[in-house]
$ cat protein28.cif   # mmCIF, C-alpha atoms; chains and numbers go by the auth columns
data_entry
#
loop_
_atom_site.group_PDB
_atom_site.id
_atom_site.type_symbol
_atom_site.label_atom_id
_atom_site.label_comp_id
_atom_site.label_asym_id
_atom_site.label_seq_id
_atom_site.Cartn_x
_atom_site.Cartn_y
_atom_site.Cartn_z
_atom_site.B_iso_or_equiv
_atom_site.auth_seq_id
_atom_site.auth_asym_id
ATOM 1 C CA MET A 1 7.517 -22.279 34.657 0.00 1 A
ATOM 2 C CA LYS A 2 8.944 -23.165 31.238 0.00 2 A
ATOM 3 C CA ARG A 3 9.766 -20.327 28.857 0.00 3 A
ATOM 4 C CA TRP A 4 11.651 -19.994 25.611 0.00 4 A
ATOM 5 C CA TYR A 5 15.195 -18.636 25.628 0.00 5 A
ATOM 6 C CA VAL A 6 17.694 -17.963 22.850 0.00 6 A
ATOM 7 C CA ALA A 7 21.149 -19.466 22.539 0.00 7 A
ATOM 8 C CA GLN A 8 23.750 -18.198 20.105 0.00 8 A
ATOM 9 C CA THR A 9 25.323 -21.021 18.142 0.00 9 A
ATOM 10 C CA ARG A 10 28.756 -21.370 16.696 0.00 10 A
ATOM 11 C CA MET A 11 29.067 -20.499 13.015 0.00 11 A
ATOM 12 C CA ARG A 12 26.893 -22.811 10.884 0.00 12 A
ATOM 13 C CA ALA A 13 26.378 -25.180 13.828 0.00 13 A
ATOM 14 C CA GLU A 14 22.639 -24.715 14.412 0.00 14 A
ATOM 15 C CA GLU A 15 21.730 -28.328 13.594 0.00 15 A
ATOM 16 C CA ARG A 16 24.597 -29.719 15.669 0.00 16 A
ATOM 17 C CA ALA A 17 23.483 -27.541 18.591 0.00 17 A
ATOM 18 C CA ARG A 18 19.869 -28.752 18.260 0.00 18 A
ATOM 19 C CA ILE A 19 20.902 -32.407 18.265 0.00 19 A
ATOM 20 C CA ASN A 20 23.231 -31.995 21.258 0.00 20 A
ATOM 21 C CA LEU A 21 20.677 -30.013 23.273 0.00 21 A
ATOM 22 C CA GLU A 22 18.067 -32.723 22.693 0.00 22 A
ATOM 23 C CA ARG A 23 20.577 -35.414 23.708 0.00 23 A
ATOM 24 C CA GLN A 24 20.914 -33.588 27.040 0.00 24 A
ATOM 25 C CA GLY A 25 17.133 -33.588 27.497 0.00 25 A
ATOM 26 C CA PHE A 26 16.460 -29.961 26.546 0.00 26 A
ATOM 27 C CA GLU A 27 13.644 -29.044 24.178 0.00 27 A
ATOM 28 C CA ALA A 28 15.187 -27.117 21.269 0.00 28 A
ATOM 29 C CA TYR A 29 13.516 -25.438 18.320 0.00 29 A
ATOM 30 C CA LEU A 30 15.303 -24.484 15.111 0.00 30 A
ATOM 31 C CA PRO A 31 12.871 -22.828 12.671 0.00 31 A
ATOM 32 C CA ARG A 32 13.832 -23.203 9.004 0.00 32 A
ATOM 33 C CA TYR A 33 12.809 -21.807 5.663 0.00 33 A
ATOM 34 C CA LEU A 34 13.513 -22.769 2.053 0.00 34 A
ATOM 35 C CA ARG A 35 16.347 -20.815 0.502 0.00 35 A
ATOM 36 C CA GLU A 36 17.822 -20.855 -2.958 0.00 36 A
ATOM 37 C CA ARG A 37 21.509 -21.715 -2.894 0.00 37 A
ATOM 38 C CA ARG A 38 23.710 -21.023 -5.881 0.00 38 A
ATOM 39 C CA HIS A 39 26.844 -23.118 -6.095 0.00 39 A
ATOM 40 C CA ALA A 40 29.044 -24.086 -9.009 0.00 40 A
ATOM 41 C CA ARG A 41 26.547 -22.836 -11.610 0.00 41 A
ATOM 42 C CA ARG A 42 23.803 -24.861 -9.965 0.00 42 A
ATOM 43 C CA ASN A 43 20.776 -23.674 -8.054 0.00 43 A
ATOM 44 C CA ASP A 44 19.434 -25.795 -5.197 0.00 44 A
ATOM 45 C CA ILE A 45 16.598 -25.236 -2.784 0.00 45 A
ATOM 46 C CA VAL A 46 17.832 -26.005 0.742 0.00 46 A
ATOM 47 C CA ARG A 47 16.409 -25.807 4.244 0.00 47 A
ATOM 48 C CA ALA A 48 18.196 -23.002 6.061 0.00 48 A
ATOM 49 C CA PRO A 49 17.856 -21.623 9.600 0.00 49 A
ATOM 50 C CA LEU A 50 15.335 -18.785 9.786 0.00 50 A
ATOM 51 C CA PHE A 51 17.612 -17.060 12.336 0.00 51 A
ATOM 52 C CA PRO A 52 21.186 -18.025 11.389 0.00 52 A
ATOM 53 C CA GLY A 53 23.400 -18.327 14.439 0.00 53 A
ATOM 54 C CA TYR A 54 20.551 -18.746 16.946 0.00 54 A
ATOM 55 C CA ILE A 55 18.382 -21.510 18.364 0.00 55 A
ATOM 56 C CA PHE A 56 15.459 -21.474 20.811 0.00 56 A
ATOM 57 C CA VAL A 57 15.592 -23.530 24.025 0.00 57 A
ATOM 58 C CA HIS A 58 12.493 -24.276 26.138 0.00 58 A
ATOM 59 C CA LEU A 59 13.324 -24.659 29.814 0.00 59 A
ATOM 60 C CA ASP A 60 12.441 -23.890 33.394 0.00 60 A
ATOM 61 C CA LEU A 61 15.286 -21.836 34.871 0.00 61 A
ATOM 62 C CA GLU A 62 14.461 -22.878 38.419 0.00 62 A
ATOM 63 C CA ASN A 63 14.566 -26.658 37.805 0.00 63 A
ATOM 64 C CA ALA A 64 16.801 -27.177 34.756 0.00 64 A
ATOM 65 C CA PRO A 65 20.614 -27.184 34.733 0.00 65 A
ATOM 66 C CA TRP A 66 20.615 -24.313 32.232 0.00 66 A
ATOM 67 C CA ARG A 67 24.265 -23.368 32.735 0.00 67 A
ATOM 68 C CA SER A 68 25.281 -26.605 31.024 0.00 68 A
ATOM 69 C CA ILE A 69 23.837 -25.211 27.776 0.00 69 A
ATOM 70 C CA ASN A 70 26.873 -22.926 27.450 0.00 70 A
ATOM 71 C CA GLY A 71 29.106 -26.007 27.303 0.00 71 A
ATOM 72 C CA THR A 72 27.038 -27.826 24.687 0.00 72 A
ATOM 73 C CA LEU A 73 28.737 -28.636 21.382 0.00 73 A
ATOM 74 C CA GLY A 74 27.558 -26.151 18.781 0.00 74 A
ATOM 75 C CA ILE A 75 26.468 -23.534 21.338 0.00 75 A
ATOM 76 C CA SER A 76 28.428 -20.348 21.927 0.00 76 A
ATOM 77 C CA HIS A 77 26.316 -19.059 24.845 0.00 77 A
ATOM 78 C CA LEU A 78 22.818 -18.345 26.101 0.00 78 A
ATOM 79 C CA ILE A 79 21.674 -14.775 25.495 0.00 79 A
ATOM 80 C CA CYS A 80 21.514 -13.250 28.972 0.00 80 A
ATOM 81 C CA SER A 81 20.276 -10.111 30.627 0.00 81 A
ATOM 82 C CA GLY A 82 22.636 -9.701 33.537 0.00 82 A
ATOM 83 C CA GLU A 83 23.328 -13.046 35.182 0.00 83 A
ATOM 84 C CA ARG A 84 20.217 -14.858 33.917 0.00 84 A
ATOM 85 C CA PRO A 85 19.067 -15.846 30.423 0.00 85 A
ATOM 86 C CA ALA A 86 16.680 -13.384 28.782 0.00 86 A
ATOM 87 C CA ALA A 87 13.294 -14.920 27.988 0.00 87 A
ATOM 88 C CA VAL A 88 11.677 -14.551 24.576 0.00 88 A
ATOM 89 C CA PRO A 89 8.329 -12.700 24.855 0.00 89 A
ATOM 90 C CA ALA A 90 5.414 -15.111 25.274 0.00 90 A
ATOM 91 C CA GLY A 91 3.833 -16.286 22.051 0.00 91 A
ATOM 92 C CA VAL A 92 6.696 -15.404 19.682 0.00 92 A
ATOM 93 C CA VAL A 93 8.117 -18.918 19.268 0.00 93 A
ATOM 94 C CA GLU A 94 4.639 -20.443 19.234 0.00 94 A
ATOM 95 C CA SER A 95 3.532 -18.123 16.422 0.00 95 A
ATOM 96 C CA ILE A 96 6.608 -19.039 14.353 0.00 96 A
ATOM 97 C CA ALA A 97 5.977 -22.744 14.932 0.00 97 A
ATOM 98 C CA ALA A 98 2.304 -22.325 13.986 0.00 98 A
ATOM 99 C CA ARG A 99 3.336 -20.963 10.575 0.00 99 A
ATOM 100 C CA GLU A 100 5.346 -24.096 9.700 0.00 100 A
ATOM 101 C CA ASN A 101 3.948 -26.157 6.848 0.00 101 A
ATOM 102 C CA GLU A 102 3.776 -29.954 6.582 0.00 102 A
ATOM 103 C CA ASN A 103 7.440 -30.076 5.523 0.00 103 A
ATOM 104 C CA GLY A 104 8.573 -28.369 8.729 0.00 104 A
ATOM 105 C CA VAL A 105 9.556 -25.088 7.080 0.00 105 A
ATOM 106 C CA VAL A 106 8.245 -21.574 7.622 0.00 106 A
ATOM 107 C CA PRO A 107 7.052 -20.206 4.279 0.00 107 A
ATOM 108 C CA LEU A 108 8.249 -16.666 3.670 0.00 108 A
ATOM 109 C CA GLN A 109 6.312 -14.121 1.683 0.00 109 A
ATOM 110 C CA ARG A 110 8.358 -12.313 -0.922 0.00 110 A
ATOM 111 C CA ARG A 111 7.341 -8.718 -0.774 0.00 111 A
ATOM 112 C CA PRO A 112 7.758 -6.534 -3.802 0.00 112 A
ATOM 113 C CA PHE A 113 9.888 -3.463 -3.321 0.00 113 A
ATOM 114 C CA GLN A 114 8.731 0.029 -4.211 0.00 114 A
ATOM 115 C CA LYS A 115 10.492 2.022 -6.942 0.00 115 A
ATOM 116 C CA GLY A 116 13.149 4.166 -5.300 0.00 116 A
ATOM 117 C CA GLU A 117 13.315 2.056 -2.125 0.00 117 A
ATOM 118 C CA ALA A 118 16.809 1.800 -0.620 0.00 118 A
ATOM 119 C CA LEU A 119 18.131 -1.789 -0.714 0.00 119 A
ATOM 120 C CA ARG A 120 21.270 -3.553 0.426 0.00 120 A
ATOM 121 C CA ILE A 121 22.854 -6.475 -1.403 0.00 121 A
ATOM 122 C CA VAL A 122 23.364 -9.181 1.244 0.00 122 A
ATOM 123 C CA SER A 123 25.214 -11.857 -0.744 0.00 123 A
ATOM 124 C CA GLY A 124 27.322 -12.280 -3.829 0.00 124 A
ATOM 125 C CA ALA A 125 30.206 -10.282 -5.282 0.00 125 A
ATOM 126 C CA LEU A 126 28.560 -6.942 -4.417 0.00 126 A
ATOM 127 C CA ALA A 127 27.599 -7.886 -0.855 0.00 127 A
ATOM 128 C CA ASP A 128 27.118 -4.898 1.459 0.00 128 A
ATOM 129 C CA CYS A 129 26.643 -2.465 -1.445 0.00 129 A
ATOM 130 C CA PHE A 130 23.657 -0.151 -1.239 0.00 130 A
ATOM 131 C CA GLY A 131 21.368 0.704 -4.112 0.00 131 A
ATOM 132 C CA VAL A 132 17.938 1.883 -5.150 0.00 132 A
ATOM 133 C CA PHE A 133 15.234 -0.446 -6.476 0.00 133 A
ATOM 134 C CA GLU A 134 14.379 0.234 -10.113 0.00 134 A
ATOM 135 C CA ARG A 135 12.151 -2.681 -11.182 0.00 135 A
ATOM 136 C CA MET A 136 11.772 -6.443 -11.297 0.00 136 A
ATOM 137 C CA ALA A 137 13.690 -8.073 -14.156 0.00 137 A
ATOM 138 C CA ASP A 138 11.567 -11.212 -13.813 0.00 138 A
ATOM 139 C CA ALA A 139 9.944 -13.147 -10.963 0.00 139 A
ATOM 140 C CA ASP A 140 13.280 -13.884 -9.269 0.00 140 A
ATOM 141 C CA ARG A 141 15.574 -10.980 -10.187 0.00 141 A
ATOM 142 C CA VAL A 142 15.619 -7.283 -9.339 0.00 142 A
ATOM 143 C CA ILE A 143 17.266 -4.377 -11.108 0.00 143 A
ATOM 144 C CA LEU A 144 19.068 -1.940 -8.806 0.00 144 A
ATOM 145 C CA LEU A 145 20.739 1.373 -9.379 0.00 145 A
ATOM 146 C CA LEU A 146 24.102 1.390 -7.566 0.00 146 A
ATOM 147 C CA ASP A 147 26.487 4.287 -7.089 0.00 147 A
ATOM 148 C CA LEU A 148 29.822 2.722 -8.086 0.00 148 A
ATOM 149 C CA LEU A 149 33.003 4.635 -8.834 0.00 149 A
ATOM 150 C CA GLY A 150 31.186 7.950 -8.807 0.00 150 A
ATOM 151 C CA ARG A 151 28.458 7.071 -11.303 0.00 151 A
ATOM 152 C CA LYS A 152 25.117 5.289 -11.376 0.00 152 A
ATOM 153 C CA VAL A 153 25.313 1.687 -12.583 0.00 153 A
ATOM 154 C CA THR A 154 22.382 -0.648 -13.282 0.00 154 A
ATOM 155 C CA VAL A 155 22.861 -4.070 -11.663 0.00 155 A
ATOM 156 C CA GLN A 156 20.705 -7.172 -11.826 0.00 156 A
ATOM 157 C CA ALA A 157 20.627 -9.353 -8.691 0.00 157 A
ATOM 158 C CA PRO A 158 18.655 -12.357 -7.416 0.00 158 A
ATOM 159 C CA LEU A 159 15.664 -11.351 -5.288 0.00 159 A
ATOM 160 C CA GLY A 160 17.037 -13.406 -2.391 0.00 160 A
ATOM 161 C CA ALA A 161 20.312 -11.479 -2.473 0.00 161 A
ATOM 162 C CA VAL A 162 18.765 -8.107 -1.581 0.00 162 A
ATOM 163 C CA ALA A 163 17.111 -6.773 1.548 0.00 163 A
ATOM 164 C CA ALA A 164 15.501 -3.516 2.544 0.00 164 A
ATOM 165 C CA ASN A 165 18.031 -1.072 3.940 0.00 165 A
ATOM 166 C CA GLN A 166 17.010 -0.235 7.507 0.00 166 A
#

$ encode --input "protein28.cif" --output "structure tokens"
Amino acid sequence: MKRWYVAQTRMRAEERARINLERQGFEAYLPRYLRERRHARRNDIVRAPLFPGYIFVHLDLENAPWRSINGTLGISHLICSGERPAAVPAGVVESIAARENENGVVPLQRRPFQKGEALRIVSGALADCFGVFERMADADRVILLLDLLGRKVTVQAPLGAVAANQ
């Protein structure tokens, strides 16, 4: 019986892994979303992996040569539980695929943060700093209160550069 499994890819090699898995006859799924990329004072919207560093592989463990996946270019290893790959719960991959739009990307809902909610900056010069949500500066920027050098500092950051601290 075919099930979905997860393979960890090499750094930034998700697309290479997908292509090489399909060349070997495996069904691979790499969900993507649209992400804003800032580079050299330019903003671009790019398709990025929804789960960076991971790809889904659909296979039947009893009939497929699944061990060869670990030697595939772009793949680090299959995620295993003991000696065998760990299956993704039924319906998870299908529900992600069902959310894809006509462009093949999974639209993400931007959720507003609550005043006082703990946030973490995930990219940029202040990556891995923790702060408290103050308010939205505009549709795409948040204002955070960070504790830097022993005092509270107000910082403005792109909405995509912050995540809820969990």

$ resolve_selection --input "protein28.cif" --expression "the PyMOL selection byres ((chain A and resi 54) around 9)" --output "list in words"
Val6, Ala7, Gln8, Thr9, Arg10, Glu14, Leu30, Pro49, Leu50, Phe51, Pro52, Gly53, Ile55, Phe56 and Ile75 of chain A

$ closest_residue --input "protein28.cif" --among "A:Val162, A:Lys115, A:Ile143, A:Gly150" --to "Asp128 in chain A" --atoms "all atoms listed in the file"
A:Val162

$ atom_distance --input "protein28.cif" --atom1 "CA of Val88 in chain A" --atom2 "CA of Asn165 in chain A"
25.5 Å

$ resolve_selection --input "protein28.cif" --expression "the PyMOL selection byres ((chain A and resi 126) around 12)" --output "ChimeraX atom specification"
/A:120-125,127-131,144,146-148,155-158,161-162

$ closest_residue --input "protein28.cif" --among "A:Ala98, A:Ala164, A:Val92, A:Leu34" --to "Ala118 in chain A" --atoms "only C-alpha atoms"
A:Ala164

$ atom_distance --input "protein28.cif" --atom1 "CA of Arg23 in chain A" --atom2 "CA of Ile96 in chain A"
23.5 Å

$ residues_around --input "protein28.cif" --residues "Gln24 in chain A" --least-positions-apart "5" --cutoff "9 Å" --atoms "all atoms listed in the file" --output "PyMOL selection string"
chain A and resi 19+69+72

$ write_last_selection --input "protein28.cif" --atoms "C-alpha atoms" --output "mmCIF file, keeping the file's coordinate frame"
data_model
loop_
_atom_site.group_PDB
_atom_site.id
_atom_site.type_symbol
_atom_site.label_atom_id
_atom_site.label_comp_id
_atom_site.auth_asym_id
_atom_site.auth_seq_id
_atom_site.Cartn_x
_atom_site.Cartn_y
_atom_site.Cartn_z
ATOM 1 C CA ILE A 19 20.902 -32.407 18.265
ATOM 2 C CA ILE A 69 23.837 -25.211 27.776
ATOM 3 C CA THR A 72 27.038 -27.826 24.687
#

$ atom_distance --input "protein28.cif" --atom1 "CA of Ala40 in chain A" --atom2 "CA of Ala163 in chain A"
23.5 Å

$ resolve_selection --input "protein28.cif" --expression "the PyMOL selection byres ((chain A and resi 140) around 10)" --output "ChimeraX atom specification"
/A:110,136-139,141-142,157-160

$ closest_residue --input "protein28.cif" --among "A:Gly116, A:Asn43, A:Val57, A:Arg35" --to "Lys2 in chain A" --atoms "only C-alpha atoms"
A:Val57

$ closest_residue --input "protein28.cif" --among "A:Glu15, A:Glu83, A:Glu117, A:Glu134" --to "Val153 in chain A" --atoms "all atoms listed in the file"
A:Glu134

$ residues_near_point --input "protein28.cif" --point "(13.6, -22.4, 23.8)" --cutoff "7 Å" --atoms "only C-alpha atoms" --output "list in words"
Arg3, Trp4, Tyr5, Val6, Glu27, Ala28, Tyr29, Phe56, Val57, His58 and Leu59 of chain A

$ write_last_selection --input "protein28.cif" --atoms "C-alpha atoms" --output "PDB file, in the frame of the given file"
ATOM      1  CA  ARG A   3       9.766 -20.327  28.857  1.00  0.00           C
ATOM      2  CA  TRP A   4      11.651 -19.994  25.611  1.00  0.00           C
ATOM      3  CA  TYR A   5      15.195 -18.636  25.628  1.00  0.00           C
ATOM      4  CA  VAL A   6      17.694 -17.963  22.850  1.00  0.00           C
ATOM      5  CA  GLU A  27      13.644 -29.044  24.178  1.00  0.00           C
ATOM      6  CA  ALA A  28      15.187 -27.117  21.269  1.00  0.00           C
ATOM      7  CA  TYR A  29      13.516 -25.438  18.320  1.00  0.00           C
ATOM      8  CA  PHE A  56      15.459 -21.474  20.811  1.00  0.00           C
ATOM      9  CA  VAL A  57      15.592 -23.530  24.025  1.00  0.00           C
ATOM     10  CA  HIS A  58      12.493 -24.276  26.138  1.00  0.00           C
ATOM     11  CA  LEU A  59      13.324 -24.659  29.814  1.00  0.00           C
TER      12      LEU A  59
END

$ closest_residue --input "protein28.cif" --among "A:Arg32, A:His77, A:Arg38, A:Arg151" --to "Val105 in chain A" --atoms "all atoms listed in the file"
A:Arg32

$ closest_residue --input "protein28.cif" --among "A:Gly91, A:Gly74, A:Gly25, A:Pro85" --to "Glu62 in chain A" --atoms "all atoms listed in the file"
A:Pro85

$ build_atoms --input "protein28.cif" --residues "range 40-74 of chain A" --atoms "N, CA and C atoms" --output "mmCIF file, keeping the file's coordinate frame"
data_model
loop_
_atom_site.group_PDB
_atom_site.id
_atom_site.type_symbol
_atom_site.label_atom_id
_atom_site.label_comp_id
_atom_site.auth_asym_id
_atom_site.auth_seq_id
_atom_site.Cartn_x
_atom_site.Cartn_y
_atom_site.Cartn_z
ATOM 1 N N ALA A 40 28.443 -23.448 -7.845
ATOM 2 C CA ALA A 40 29.044 -24.086 -9.009
ATOM 3 C C ALA A 40 28.070 -24.129 -10.193
ATOM 4 N N ARG A 41 27.476 -22.978 -10.483
ATOM 5 C CA ARG A 41 26.547 -22.836 -11.610
ATOM 6 C C ARG A 41 25.297 -23.686 -11.463
ATOM 7 N N ARG A 42 24.990 -24.054 -10.248
ATOM 8 C CA ARG A 42 23.803 -24.861 -9.965
ATOM 9 C C ARG A 42 22.968 -24.148 -8.922
ATOM 10 N N ASN A 43 21.676 -24.227 -9.059
ATOM 11 C CA ASN A 43 20.776 -23.674 -8.054
ATOM 12 C C ASN A 43 20.090 -24.825 -7.338
ATOM 13 N N ASP A 44 20.117 -24.799 -6.014
ATOM 14 C CA ASP A 44 19.434 -25.795 -5.197
ATOM 15 C C ASP A 44 18.514 -25.071 -4.231
ATOM 16 N N ILE A 45 17.460 -25.737 -3.843
ATOM 17 C CA ILE A 45 16.598 -25.236 -2.784
ATOM 18 C C ILE A 45 16.955 -26.032 -1.533
ATOM 19 N N VAL A 46 17.398 -25.342 -0.489
ATOM 20 C CA VAL A 46 17.832 -26.005 0.742
ATOM 21 C C VAL A 46 17.069 -25.452 1.936
ATOM 22 N N ARG A 47 16.996 -26.257 2.980
ATOM 23 C CA ARG A 47 16.409 -25.807 4.244
ATOM 24 C C ARG A 47 17.492 -25.071 5.017
ATOM 25 N N ALA A 48 17.210 -23.825 5.360
ATOM 26 C CA ALA A 48 18.196 -23.002 6.061
ATOM 27 C C ALA A 48 17.579 -22.457 7.341
ATOM 28 N N PRO A 49 18.388 -22.196 8.355
ATOM 29 C CA PRO A 49 17.856 -21.623 9.600
ATOM 30 C C PRO A 49 17.210 -20.256 9.340
ATOM 31 N N LEU A 50 16.037 -20.057 9.917
ATOM 32 C CA LEU A 50 15.335 -18.785 9.786
ATOM 33 C C LEU A 50 16.117 -17.674 10.481
ATOM 34 N N PHE A 51 16.775 -18.016 11.596
ATOM 35 C CA PHE A 51 17.612 -17.060 12.336
ATOM 36 C C PHE A 51 19.021 -17.643 12.421
ATOM 37 N N PRO A 52 19.846 -17.430 11.381
ATOM 38 C CA PRO A 52 21.186 -18.025 11.389
ATOM 39 C C PRO A 52 21.975 -17.609 12.626
ATOM 40 N N GLY A 53 22.583 -18.600 13.264
ATOM 41 C CA GLY A 53 23.400 -18.327 14.439
ATOM 42 C C GLY A 53 22.650 -18.377 15.752
ATOM 43 N N TYR A 54 21.349 -18.721 15.716
ATOM 44 C CA TYR A 54 20.551 -18.746 16.946
ATOM 45 C C TYR A 54 19.622 -19.951 16.953
ATOM 46 N N ILE A 55 19.314 -20.405 18.167
ATOM 47 C CA ILE A 55 18.382 -21.510 18.364
ATOM 48 C C ILE A 55 17.568 -21.215 19.625
ATOM 49 N N PHE A 56 16.322 -21.674 19.651
ATOM 50 C CA PHE A 56 15.459 -21.474 20.811
ATOM 51 C C PHE A 56 15.549 -22.698 21.722
ATOM 52 N N VAL A 57 15.556 -22.447 23.034
ATOM 53 C CA VAL A 57 15.592 -23.530 24.025
ATOM 54 C C VAL A 57 14.457 -23.299 25.006
ATOM 55 N N HIS A 58 13.639 -24.353 25.236
ATOM 56 C CA HIS A 58 12.493 -24.276 26.138
ATOM 57 C C HIS A 58 12.899 -24.908 27.469
ATOM 58 N N LEU A 59 12.903 -24.106 28.526
ATOM 59 C CA LEU A 59 13.324 -24.659 29.814
ATOM 60 C C LEU A 59 12.762 -23.866 30.977
ATOM 61 N N ASP A 60 12.838 -24.501 32.127
ATOM 62 C CA ASP A 60 12.441 -23.890 33.394
ATOM 63 C C ASP A 60 13.730 -23.547 34.126
ATOM 64 N N LEU A 61 14.011 -22.258 34.272
ATOM 65 C CA LEU A 61 15.286 -21.836 34.871
ATOM 66 C C LEU A 61 15.465 -22.324 36.303
ATOM 67 N N GLU A 62 14.365 -22.487 37.010
ATOM 68 C CA GLU A 62 14.461 -22.878 38.419
ATOM 69 C C GLU A 62 14.796 -24.359 38.598
ATOM 70 N N ASN A 63 14.402 -25.208 37.634
ATOM 71 C CA ASN A 63 14.566 -26.658 37.805
ATOM 72 C C ASN A 63 15.515 -27.306 36.804
ATOM 73 N N ALA A 64 15.936 -26.582 35.780
ATOM 74 C CA ALA A 64 16.801 -27.177 34.756
ATOM 75 C C ALA A 64 18.243 -26.720 34.953
ATOM 76 N N PRO A 65 19.198 -27.580 34.633
ATOM 77 C CA PRO A 65 20.614 -27.184 34.733
ATOM 78 C C PRO A 65 21.020 -26.337 33.519
ATOM 79 N N TRP A 66 20.468 -25.129 33.428
ATOM 80 C CA TRP A 66 20.615 -24.313 32.232
ATOM 81 C C TRP A 66 22.045 -23.844 31.959
ATOM 82 N N ARG A 67 22.881 -23.798 32.968
ATOM 83 C CA ARG A 67 24.265 -23.368 32.735
ATOM 84 C C ARG A 67 25.047 -24.355 31.859
ATOM 85 N N SER A 68 24.596 -25.605 31.851
ATOM 86 C CA SER A 68 25.281 -26.605 31.024
ATOM 87 C C SER A 68 25.070 -26.347 29.529
ATOM 88 N N ILE A 69 24.082 -25.525 29.186
ATOM 89 C CA ILE A 69 23.837 -25.211 27.776
ATOM 90 C C ILE A 69 25.049 -24.501 27.177
ATOM 91 N N ASN A 70 25.706 -23.652 27.954
ATOM 92 C CA ASN A 70 26.873 -22.926 27.450
ATOM 93 C C ASN A 70 28.030 -23.847 27.083
ATOM 94 N N GLY A 71 28.055 -25.052 27.620
ATOM 95 C CA GLY A 71 29.106 -26.007 27.303
ATOM 96 C C GLY A 71 28.702 -27.029 26.258
ATOM 97 N N THR A 72 27.533 -26.880 25.683
ATOM 98 C CA THR A 72 27.038 -27.826 24.687
ATOM 99 C C THR A 72 27.740 -27.616 23.353
ATOM 100 N N LEU A 73 28.102 -28.719 22.701
ATOM 101 C CA LEU A 73 28.737 -28.636 21.382
ATOM 102 C C LEU A 73 27.808 -27.909 20.419
ATOM 103 N N GLY A 74 28.334 -26.927 19.735
ATOM 104 C CA GLY A 74 27.558 -26.151 18.781
ATOM 105 C C GLY A 74 27.008 -24.861 19.353
#
